[in-house]
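Source file: final32.pdb (PDB, C-alpha atoms)
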MODEL        1
ATOM      1  CA  MET R   1      34.118   8.222  69.820
ATOM      2  CA  GLU R   2      32.258   5.579  67.818
ATOM      3  CA  LEU R   3      29.917   5.882  64.900
ATOM      4  CA  SER R   4      26.325   6.303  65.966
ATOM      5  CA  ASN R   5      22.941   6.098  64.278
ATOM      6  CA  ILE R   6      23.994   3.343  61.885
ATOM      7  CA  GLY R   7      20.373   2.263  62.027
ATOM      8  CA  LEU R   8      19.360   5.613  60.530
ATOM      9  CA  LEU R   9      21.648   5.080  57.545
ATOM     10  CA  LEU R  10      20.408   1.540  57.002
ATOM     11  CA  ARG R  11      16.760   2.626  57.192
ATOM     12  CA  ILE R  12      17.391   5.283  54.523
ATOM     13  CA  LEU R  13      19.188   2.750  52.299
ATOM     14  CA  ILE R  14      16.394   0.209  52.737
ATOM     15  CA  ALA R  15      13.814   2.889  51.885
ATOM     16  CA  HIS R  16      15.770   3.802  48.736
ATOM     17  CA  SER R  17      16.068   0.169  47.634
ATOM     18  CA  LEU R  18      12.351  -0.433  48.164
ATOM     19  CA  SER R  19      11.110   2.736  46.465
ATOM     20  CA  ASP R  20      13.557   2.747  43.538
ATOM     21  CA  PHE R  21      13.173  -0.933  42.680
ATOM     22  CA  VAL R  22      10.676  -3.075  44.574
ATOM     23  CA  PHE R  23       7.830  -0.505  44.555
ATOM     24  CA  GLN R  24       8.581   0.899  41.105
ATOM     25  CA  PRO R  25       6.969  -1.256  38.375
ATOM     26  CA  THR R  26       8.899  -1.758  35.166
ATOM     27  CA  SER R  27       6.144   0.071  33.265
ATOM     28  CA  TRP R  28       6.709   3.184  35.402
ATOM     29  CA  ALA R  29      10.437   3.134  34.728
ATOM     30  CA  GLU R  30       9.911   2.693  30.988
ATOM     31  CA  LYS R  31       7.446   5.578  30.790
ATOM     32  CA  LYS R  32       9.781   7.774  32.847
ATOM     33  CA  ASP R  33      12.622   6.968  30.436
ATOM     34  CA  LYS R  34      10.463   8.031  27.482
ATOM     35  CA  LYS R  35       8.950  11.263  28.792
ATOM     36  CA  GLY R  36      11.173  12.134  31.738
ATOM     37  CA  ILE R  37       9.861  14.710  34.184
ATOM     38  CA  LYS R  38       6.802  15.289  31.987
ATOM     39  CA  SER R  39       5.545  11.801  32.732
ATOM     40  CA  PRO R  40       3.027  11.506  35.604
ATOM     41  CA  TYR R  41       4.824   8.295  36.543
ATOM     42  CA  PHE R  42       7.872  10.363  37.453
ATOM     43  CA  TRP R  43       5.822  12.042  40.153
ATOM     44  CA  TYR R  44       4.140   8.806  41.189
ATOM     45  CA  HIS R  45       7.616   7.454  41.852
ATOM     46  CA  ILE R  46       8.630  10.562  43.812
ATOM     47  CA  SER R  47       5.482  10.259  45.954
ATOM     48  CA  VAL R  48       6.258   6.612  46.699
ATOM     49  CA  THR R  49       9.871   7.515  47.505
ATOM     50  CA  ILE R  50       8.839  10.169  50.036
ATOM     51  CA  GLY R  51       6.172   7.946  51.568
ATOM     52  CA  VAL R  52       8.421   4.915  52.011
ATOM     53  CA  LEU R  53      11.223   7.048  53.453
ATOM     54  CA  ALA R  54       8.833   8.694  55.919
ATOM     55  CA  ILE R  55       7.623   5.278  57.075
ATOM     56  CA  MET R  56      11.160   3.893  57.434
ATOM     57  CA  LEU R  57      12.361   6.942  59.375
ATOM     58  CA  GLY R  58       9.368   6.680  61.704
ATOM     59  CA  ASP R  59      10.219   9.835  63.648
ATOM     60  CA  VAL R  60       8.758  13.292  63.067
ATOM     61  CA  HIS R  61      11.950  14.839  64.460
ATOM     62  CA  LEU R  62      13.838  13.477  61.470
ATOM     63  CA  TRP R  63      11.920  15.730  59.050
ATOM     64  CA  PRO R  64      15.130  17.501  57.912
ATOM     65  CA  VAL R  65      16.508  14.134  56.741
ATOM     66  CA  LEU R  66      13.233  13.361  54.950
ATOM     67  CA  LEU R  67      13.229  16.787  53.290
ATOM     68  CA  ILE R  68      16.863  16.812  52.149
ATOM     69  CA  VAL R  69      17.002  13.170  50.984
ATOM     70  CA  SER R  70      13.748  13.623  49.054
ATOM     71  CA  ALA R  71      14.989  16.866  47.471
ATOM     72  CA  GLY R  72      18.237  15.160  46.482
ATOM     73  CA  HIS R  73      16.296  12.275  44.958
ATOM     74  CA  ILE R  74      14.140  14.660  42.925
ATOM     75  CA  ILE R  75      17.173  16.580  41.650
ATOM     76  CA  ILE R  76      19.054  13.427  40.621
ATOM     77  CA  ASP R  77      16.025  11.892  38.926
ATOM     78  CA  THR R  78      15.332  15.170  37.149
ATOM     79  CA  ILE R  79      18.873  15.224  35.751
ATOM     80  CA  LYS R  80      18.454  11.607  34.647
ATOM     81  CA  SER R  81      15.112  12.471  33.000
ATOM     82  CA  VAL R  82      16.778  15.223  30.982
ATOM     83  CA  LEU R  83      19.207  12.661  29.577
ATOM     84  CA  LEU R  84      16.311  10.369  28.558
ATOM     85  CA  ASN R  85      18.821   7.559  28.420
ATOM     86  CA  SER R  86      18.469   4.076  29.918
ATOM     87  CA  LYS R  87      21.989   2.853  29.190
ATOM     88  CA  ILE R  88      23.952   1.077  31.902
ATOM     89  CA  TRP R  89      26.321   3.991  32.611
ATOM     90  CA  VAL R  90      23.357   6.277  33.291
ATOM     91  CA  PHE R  91      21.816   3.692  35.624
ATOM     92  CA  ILE R  92      25.081   3.180  37.545
ATOM     93  CA  SER R  93      25.767   6.921  37.782
ATOM     94  CA  ASP R  94      22.210   7.521  38.984
ATOM     95  CA  GLN R  95      22.468   4.940  41.767
ATOM     96  CA  LEU R  96      25.942   6.100  42.848
ATOM     97  CA  ALA R  97      24.656   9.673  43.048
ATOM     98  CA  HIS R  98      21.733   8.584  45.233
ATOM     99  CA  LEU R  99      24.049   6.633  47.542
ATOM    100  CA  LEU R 100      26.496   9.531  47.771
ATOM    101  CA  VAL R 101      23.725  11.958  48.735
ATOM    102  CA  ILE R 102      22.361   9.543  51.352
ATOM    103  CA  VAL R 103      25.757   8.970  52.965
ATOM    104  CA  ILE R 104      26.663  12.672  52.987
ATOM    105  CA  ILE R 105      23.307  13.660  54.506
ATOM    106  CA  TRP R 106      23.610  10.943  57.148
ATOM    107  CA  LEU R 107      27.171  11.946  58.067
ATOM    108  CA  GLY R 108      26.194  15.619  58.198
ATOM    109  CA  PHE R 109      23.041  15.028  60.274
ATOM    110  CA  THR R 110      24.939  12.900  62.790
ATOM    111  CA  ASN R 111      28.055  15.146  62.835
ATOM    112  CA  GLN R 112      30.525  12.339  62.260
ATOM    113  CA  PHE R 113      32.305  12.869  58.967
ATOM    114  CA  GLN R 114      35.613  12.111  60.646
ATOM    115  CA  LEU R 115      34.416   8.657  61.636
ATOM    116  CA  PHE R 116      33.230   7.508  58.224
ATOM    117  CA  TRP R 117      35.935   4.882  57.737
ATOM    118  CA  THR R 118      34.757   2.903  60.752
ATOM    119  CA  LEU R 119      31.291   2.503  59.256
ATOM    120  CA  ILE R 120      31.718  -1.070  58.016
ATOM    121  CA  SER R 121      32.837  -2.530  61.346
ATOM    122  CA  GLU R 122      30.045  -0.697  63.186
ATOM    123  CA  ILE R 123      27.419  -2.154  60.860
ATOM    124  CA  ALA R 124      28.817  -5.602  61.518
ATOM    125  CA  THR R 125      28.713  -5.368  65.306
ATOM    126  CA  ILE R 126      25.557  -3.334  65.924
ATOM    127  CA  GLN R 127      23.126  -3.682  63.024
ATOM    128  CA  LYS R 128      23.648  -7.226  61.737
ATOM    129  CA  ASN R 129      19.977  -7.940  61.037
ATOM    130  CA  GLN R 130      19.364  -4.680  59.181
ATOM    131  CA  CYS R 131      22.530  -5.227  57.165
ATOM    132  CA  LEU R 132      21.294  -8.706  56.241
ATOM    133  CA  LEU R 133      17.906  -7.289  55.204
ATOM    134  CA  LEU R 134      19.607  -4.667  53.024
ATOM    135  CA  PHE R 135      21.668  -7.339  51.229
ATOM    136  CA  TYR R 136      18.590  -9.471  50.559
ATOM    137  CA  ILE R 137      16.725  -6.467  49.135
ATOM    138  CA  LEU R 138      19.657  -5.505  46.898
ATOM    139  CA  LEU R 139      19.889  -9.047  45.561
ATOM    140  CA  SER R 140      16.232  -9.060  44.529
ATOM    141  CA  ILE R 141      14.766  -6.406  42.225
ATOM    142  CA  PRO R 142      17.798  -4.025  42.250
ATOM    143  CA  ALA R 143      20.113  -6.800  41.029
ATOM    144  CA  SER R 144      17.556  -7.816  38.380
ATOM    145  CA  VAL R 145      17.428  -4.247  37.096
ATOM    146  CA  ALA R 146      21.230  -4.032  37.024
ATOM    147  CA  ILE R 147      21.541  -7.321  35.130
ATOM    148  CA  GLY R 148      18.855  -6.152  32.717
ATOM    149  CA  LYS R 149      20.823  -2.971  32.038
ATOM    150  CA  ILE R 150      24.095  -4.862  31.571
ATOM    151  CA  THR R 151      22.568  -7.361  29.128
ATOM    152  CA  GLN R 152      20.292  -4.842  27.396
ATOM    153  CA  LYS R 153      22.173  -4.719  24.105
ATOM    154  CA  TRP R 154      22.016  -8.515  23.751
ATOM    155  CA  ASN R 155      18.340  -8.531  24.696
ATOM    156  CA  ASN R 156      17.730  -5.953  21.953
ATOM    157  CA  GLU R 157      19.236  -8.353  19.431
ATOM    158  CA  LEU R 158      16.823 -11.053  20.540
ATOM    159  CA  GLU R 159      13.934  -8.597  20.367
ATOM    160  CA  GLU R 160      14.659  -8.100  16.662
ATOM    161  CA  LYS R 161      13.097 -11.485  15.958
ATOM    162  CA  THR R 162       9.482 -11.512  14.930
ATOM    163  CA  SER R 163       6.872 -12.499  17.484
ATOM    164  CA  GLU R 164       6.275 -15.749  15.559
ATOM    165  CA  GLN R 165       9.905 -16.735  15.943
ATOM    166  CA  LYS R 166      10.020 -16.090  19.641
ATOM    167  CA  SER R 167       9.405 -18.916  22.061
ATOM    168  CA  LYS R 168       6.690 -18.069  24.517
ATOM    169  CA  GLY R 169       7.301 -18.364  28.241
ATOM    170  CA  LEU R 170       5.720 -17.345  31.505
ATOM    171  CA  LYS R 171       5.638 -13.598  32.064
ATOM    172  CA  ASP R 172       8.529 -12.394  34.303
ATOM    173  CA  ALA R 173       9.422 -16.028  35.118
ATOM    174  CA  GLY R 174      13.071 -15.491  34.198
ATOM    175  CA  LYS R 175      13.317 -12.467  36.469
ATOM    176  CA  TRP R 176      11.949 -14.344  39.473
ATOM    177  CA  ILE R 177      14.102 -17.387  38.769
ATOM    178  CA  GLY R 178      17.126 -15.079  38.864
ATOM    179  CA  ILE R 179      15.989 -13.460  42.112
ATOM    180  CA  LEU R 180      15.416 -16.798  43.807
ATOM    181  CA  GLU R 181      18.763 -18.208  42.676
ATOM    182  CA  ARG R 182      20.646 -15.147  43.966
ATOM    183  CA  LEU R 183      18.900 -15.272  47.335
ATOM    184  CA  MET R 184      19.611 -19.010  47.606
ATOM    185  CA  ILE R 185      23.290 -18.610  46.680
ATOM    186  CA  PHE R 186      23.700 -15.735  49.152
ATOM    187  CA  THR R 187      22.041 -17.803  51.891
ATOM    188  CA  PHE R 188      24.185 -20.858  51.105
ATOM    189  CA  ILE R 189      27.341 -18.756  51.405
ATOM    190  CA  ILE R 190      26.499 -17.133  54.741
ATOM    191  CA  ILE R 191      25.552 -20.528  56.259
ATOM    192  CA  ASN R 192      28.696 -22.159  54.799
ATOM    193  CA  GLU R 193      26.871 -24.614  52.521
ATOM    194  CA  LEU R 194      28.999 -24.013  49.442
ATOM    195  CA  SER R 195      28.335 -27.456  47.969
ATOM    196  CA  ALA R 196      24.658 -26.527  47.595
ATOM    197  CA  ILE R 197      25.660 -23.816  45.102
ATOM    198  CA  GLY R 198      27.089 -26.482  42.795
ATOM    199  CA  PHE R 199      23.857 -28.459  43.112
ATOM    200  CA  LEU R 200      21.837 -25.345  42.242
ATOM    201  CA  LEU R 201      23.939 -24.648  39.151
ATOM    202  CA  ALA R 202      23.641 -28.276  38.037
ATOM    203  CA  ALA R 203      19.866 -28.252  38.547
ATOM    204  CA  LYS R 204      19.470 -25.078  36.515
ATOM    205  CA  SER R 205      21.654 -26.517  33.738
ATOM    206  CA  VAL R 206      19.425 -29.595  33.524
ATOM    207  CA  PHE R 207      16.249 -27.525  33.243
ATOM    208  CA  ARG R 208      17.854 -25.236  30.657
ATOM    209  CA  PHE R 209      19.250 -28.118  28.588
ATOM    210  CA  GLY R 210      16.374 -27.936  26.105
ATOM    211  CA  ASP R 211      17.251 -24.302  25.320
ATOM    212  CA  LEU R 212      21.002 -24.784  25.275
ATOM    213  CA  LYS R 213      21.103 -27.794  22.933
ATOM    214  CA  ASN R 214      19.183 -26.065  20.139
ATOM    215  CA  SER R 215      21.781 -24.674  17.730
ATOM    216  CA  SER R 216      19.152 -22.524  15.995
ATOM    217  CA  GLU R 217      18.805 -20.542  19.235
ATOM    218  CA  HIS R 218      22.510 -19.735  19.477
ATOM    219  CA  LYS R 219      21.997 -16.077  20.473
ATOM    220  CA  LYS R 220      19.435 -17.001  23.101
ATOM    221  CA  THR R 221      21.815 -19.636  24.487
ATOM    222  CA  GLU R 222      24.621 -17.113  24.876
ATOM    223  CA  TYR R 223      22.210 -14.583  26.392
ATOM    224  CA  ILE R 224      21.047 -17.127  28.996
ATOM    225  CA  ILE R 225      24.617 -18.102  29.892
ATOM    226  CA  ILE R 226      25.756 -14.486  30.241
ATOM    227  CA  GLY R 227      22.770 -13.586  32.395
ATOM    228  CA  THR R 228      23.251 -16.658  34.585
ATOM    229  CA  PHE R 229      26.957 -16.011  35.156
ATOM    230  CA  ILE R 230      26.355 -12.338  35.981
ATOM    231  CA  SER R 231      23.582 -13.312  38.404
ATOM    232  CA  PHE R 232      25.780 -15.928  40.082
ATOM    233  CA  PHE R 233      28.738 -13.534  40.267
ATOM    234  CA  ILE R 234      26.644 -10.822  41.964
ATOM    235  CA  ALA R 235      25.205 -13.273  44.500
ATOM    236  CA  ILE R 236      28.606 -14.774  45.324
ATOM    237  CA  ALA R 237      30.216 -11.333  45.613
ATOM    238  CA  PHE R 238      27.494 -10.150  47.993
ATOM    239  CA  GLY R 239      27.846 -13.316  50.052
ATOM    240  CA  LEU R 240      31.598 -12.935  50.380
ATOM    241  CA  ILE R 241      31.316  -9.205  51.180
ATOM    242  CA  TYR R 242      28.696  -9.918  53.850
ATOM    243  CA  LYS R 243      30.803 -12.624  55.485
ATOM    244  CA  ARG R 244      33.843 -10.341  55.399
ATOM    245  CA  VAL R 245      31.905  -7.484  56.995
ATOM    246  CA  ILE R 246      30.189  -9.557  59.668
ATOM    247  CA  ASN R 247      33.252 -11.588  60.579
TER     248      ASN R 247
ENDMDL
END

Show the structure stored in the file as structure tokens.
Amino acid sequence: MELSNIGLLLRILIAHSLSDFVFQPTSWAEKKDKKGIKSPYFWYHISVTIGVLAIMLGDVHLWPVLLIVSAGHIIIDTIKSVLLNSKIWVFISDQLAHLLVIVIIWLGFTNQFQLFWTLISEIATIQKNQCLLLFYILLSIPASVAIGKITQKWNNELEEKTSEQKSKGLKDAGKWIGILERLMIFTFIIINELSAIGFLLAAKSVFRFGDLKNSSEHKKTEYIIIGTFISFFIAIAFGLIYKRVIN
């Protein structure tokens, strides 16, 4: 017996990635962190989560999956809201809990707990395109959020400067630069163009030279380097994992 309905699992994971990151503005997340379940943005997010999942499932007969996954999401987010804490360990625990609930519900709905360990090979042979889509989604907004959480304490140090001391830049430009570089690195790895990664790193170093050479911006320099290395590491890791899974 082989694993079945891998597509169902991937659709649920894609729905989660879209609703928890891509379709959840930063302002919503910040207001949820401040007021928790009392914030209307908490319920806006839940509504988006249910709607996106319903669209991705695309089958009225899968209503039990929609109901249970949505209920699990509400419970986990409610627990997180009680903590009112945006630290990295809370973020990681929250996402692991969501993934655990999704996998358990999928295995239970498809009656194949005993076949769980063959999941990776089945994804590789049957649902290559959906797996690729999932990786691209995870490398976009979700990875940006994760990097933001990891580097939050250093960002707070930079935020201590007065607004006059801060250098002004384009709004959210850094976030989108990071997203684009991760997607490019991931693509270069899966098409075996590893030399292009070196070119990308060199190009970014040239454009960042003005920031890095200024000794008065020492903290900002270190912050940029840390963020860049974390971003590159995540993209390379995802690329290697994808190639390992598919091959």

Evaluate the PyMOL selection byres ((chain R and resi 53) around 9) against this structure - the residues, as a list in words, please. Arg11, Ile12, Ile14, Ala15, His16, Ser19, Val48, Thr49, Ile50, Gly51, Val52, Ala54, Ile55, Met56, Leu57, Gly58, Leu66, Val69 and Ser70 of chain R

Correct to one decimal, the distance CA of Asp33 (chain R)-CA of Leu99 (chain R) is 20.6 Å

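The environment of Gln24 (chain R) within 10 Å, counting all atoms listed in the file and disregarding residues fewer than 3 places along the same chain, consists of Ser17, Leu18, Ser19, Asp20, Phe21, Ser27, Trp28, Ala29, Tyr41, Tyr44, His45, Val48, Thr49 and Ile141 of chain R.
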
Keeping C-alpha atoms, export the residues of the selection given above as a PDB file, in the frame of the given file.
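The result, stored in result_33.pdb:
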ATOM      1  CA  SER R  17      16.068   0.169  47.634  1.00  0.00           C
ATOM      2  CA  LEU R  18      12.351  -0.433  48.164  1.00  0.00           C
ATOM      3  CA  SER R  19      11.110   2.736  46.465  1.00  0.00           C
ATOM      4  CA  ASP R  20      13.557   2.747  43.538  1.00  0.00           C
ATOM      5  CA  PHE R  21      13.173  -0.933  42.680  1.00  0.00           C
ATOM      6  CA  SER R  27       6.144   0.071  33.265  1.00  0.00           C
ATOM      7  CA  TRP R  28       6.709   3.184  35.402  1.00  0.00           C
ATOM      8  CA  ALA R  29      10.437   3.134  34.728  1.00  0.00           C
ATOM      9  CA  TYR R  41       4.824   8.295  36.543  1.00  0.00           C
ATOM     10  CA  TYR R  44       4.140   8.806  41.189  1.00  0.00           C
ATOM     11  CA  HIS R  45       7.616   7.454  41.852  1.00  0.00           C
ATOM     12  CA  VAL R  48       6.258   6.612  46.699  1.00  0.00           C
ATOM     13  CA  THR R  49       9.871   7.515  47.505  1.00  0.00           C
ATOM     14  CA  ILE R 141      14.766  -6.406  42.225  1.00  0.00           C
TER      15      ILE R 141
END

Of R:Gly36, R:Gly174, R:Gly7, R:Gly239, the one nearest to Trp106 (chain R) when counting all atoms listed in the file is R:Gly7

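CA of Met184 (chain R) lies 10.2 Å from CA of Ile236 (chain R).
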
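Among the candidate residues R:Asn5, R:Leu158, R:Gly227, R:Ile246, the one lying nearest to Cys131 (chain R) is R:Ile246, with distances computed using only C-alpha atoms.
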
Could you please fill out region 193-205 of chain R with N, CA and C atoms and send it back as a PDB file, in the coordinates of the input?
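Saved file out.pdb follows:
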ATOM      1  N   GLU R 193      27.291 -23.429  53.276  1.00  0.00           N
ATOM      2  CA  GLU R 193      26.871 -24.614  52.521  1.00  0.00           C
ATOM      3  C   GLU R 193      27.234 -24.411  51.050  1.00  0.00           C
ATOM      4  N   LEU R 194      28.527 -24.333  50.789  1.00  0.00           N
ATOM      5  CA  LEU R 194      28.999 -24.013  49.442  1.00  0.00           C
ATOM      6  C   LEU R 194      28.686 -25.111  48.430  1.00  0.00           C
ATOM      7  N   SER R 195      28.625 -26.359  48.886  1.00  0.00           N
ATOM      8  CA  SER R 195      28.335 -27.456  47.969  1.00  0.00           C
ATOM      9  C   SER R 195      26.940 -27.329  47.362  1.00  0.00           C
ATOM     10  N   ALA R 196      26.021 -26.690  48.092  1.00  0.00           N
ATOM     11  CA  ALA R 196      24.658 -26.527  47.595  1.00  0.00           C
ATOM     12  C   ALA R 196      24.616 -25.610  46.372  1.00  0.00           C
ATOM     13  N   ILE R 197      25.603 -24.711  46.259  1.00  0.00           N
ATOM     14  CA  ILE R 197      25.660 -23.816  45.102  1.00  0.00           C
ATOM     15  C   ILE R 197      25.917 -24.626  43.836  1.00  0.00           C
ATOM     16  N   GLY R 198      26.819 -25.613  43.929  1.00  0.00           N
ATOM     17  CA  GLY R 198      27.089 -26.482  42.795  1.00  0.00           C
ATOM     18  C   GLY R 198      25.843 -27.269  42.396  1.00  0.00           C
ATOM     19  N   PHE R 199      25.101 -27.732  43.389  1.00  0.00           N
ATOM     20  CA  PHE R 199      23.857 -28.459  43.112  1.00  0.00           C
ATOM     21  C   PHE R 199      22.855 -27.552  42.406  1.00  0.00           C
ATOM     22  N   LEU R 200      22.768 -26.293  42.849  1.00  0.00           N
ATOM     23  CA  LEU R 200      21.837 -25.345  42.242  1.00  0.00           C
ATOM     24  C   LEU R 200      22.197 -25.079  40.779  1.00  0.00           C
ATOM     25  N   LEU R 201      23.488 -24.889  40.520  1.00  0.00           N
ATOM     26  CA  LEU R 201      23.939 -24.648  39.151  1.00  0.00           C
ATOM     27  C   LEU R 201      23.657 -25.856  38.258  1.00  0.00           C
ATOM     28  N   ALA R 202      23.900 -27.056  38.801  1.00  0.00           N
ATOM     29  CA  ALA R 202      23.641 -28.276  38.037  1.00  0.00           C
ATOM     30  C   ALA R 202      22.154 -28.428  37.736  1.00  0.00           C
ATOM     31  N   ALA R 203      21.314 -28.143  38.737  1.00  0.00           N
ATOM     32  CA  ALA R 203      19.866 -28.252  38.547  1.00  0.00           C
ATOM     33  C   ALA R 203      19.375 -27.280  37.476  1.00  0.00           C
ATOM     34  N   LYS R 204      19.886 -26.056  37.512  1.00  0.00           N
ATOM     35  CA  LYS R 204      19.470 -25.078  36.515  1.00  0.00           C
ATOM     36  C   LYS R 204      19.933 -25.495  35.122  1.00  0.00           C
ATOM     37  N   SER R 205      21.131 -26.078  35.031  1.00  0.00           N
ATOM     38  CA  SER R 205      21.654 -26.517  33.738  1.00  0.00           C
ATOM     39  C   SER R 205      20.774 -27.603  33.136  1.00  0.00           C
TER      40      SER R 205
END
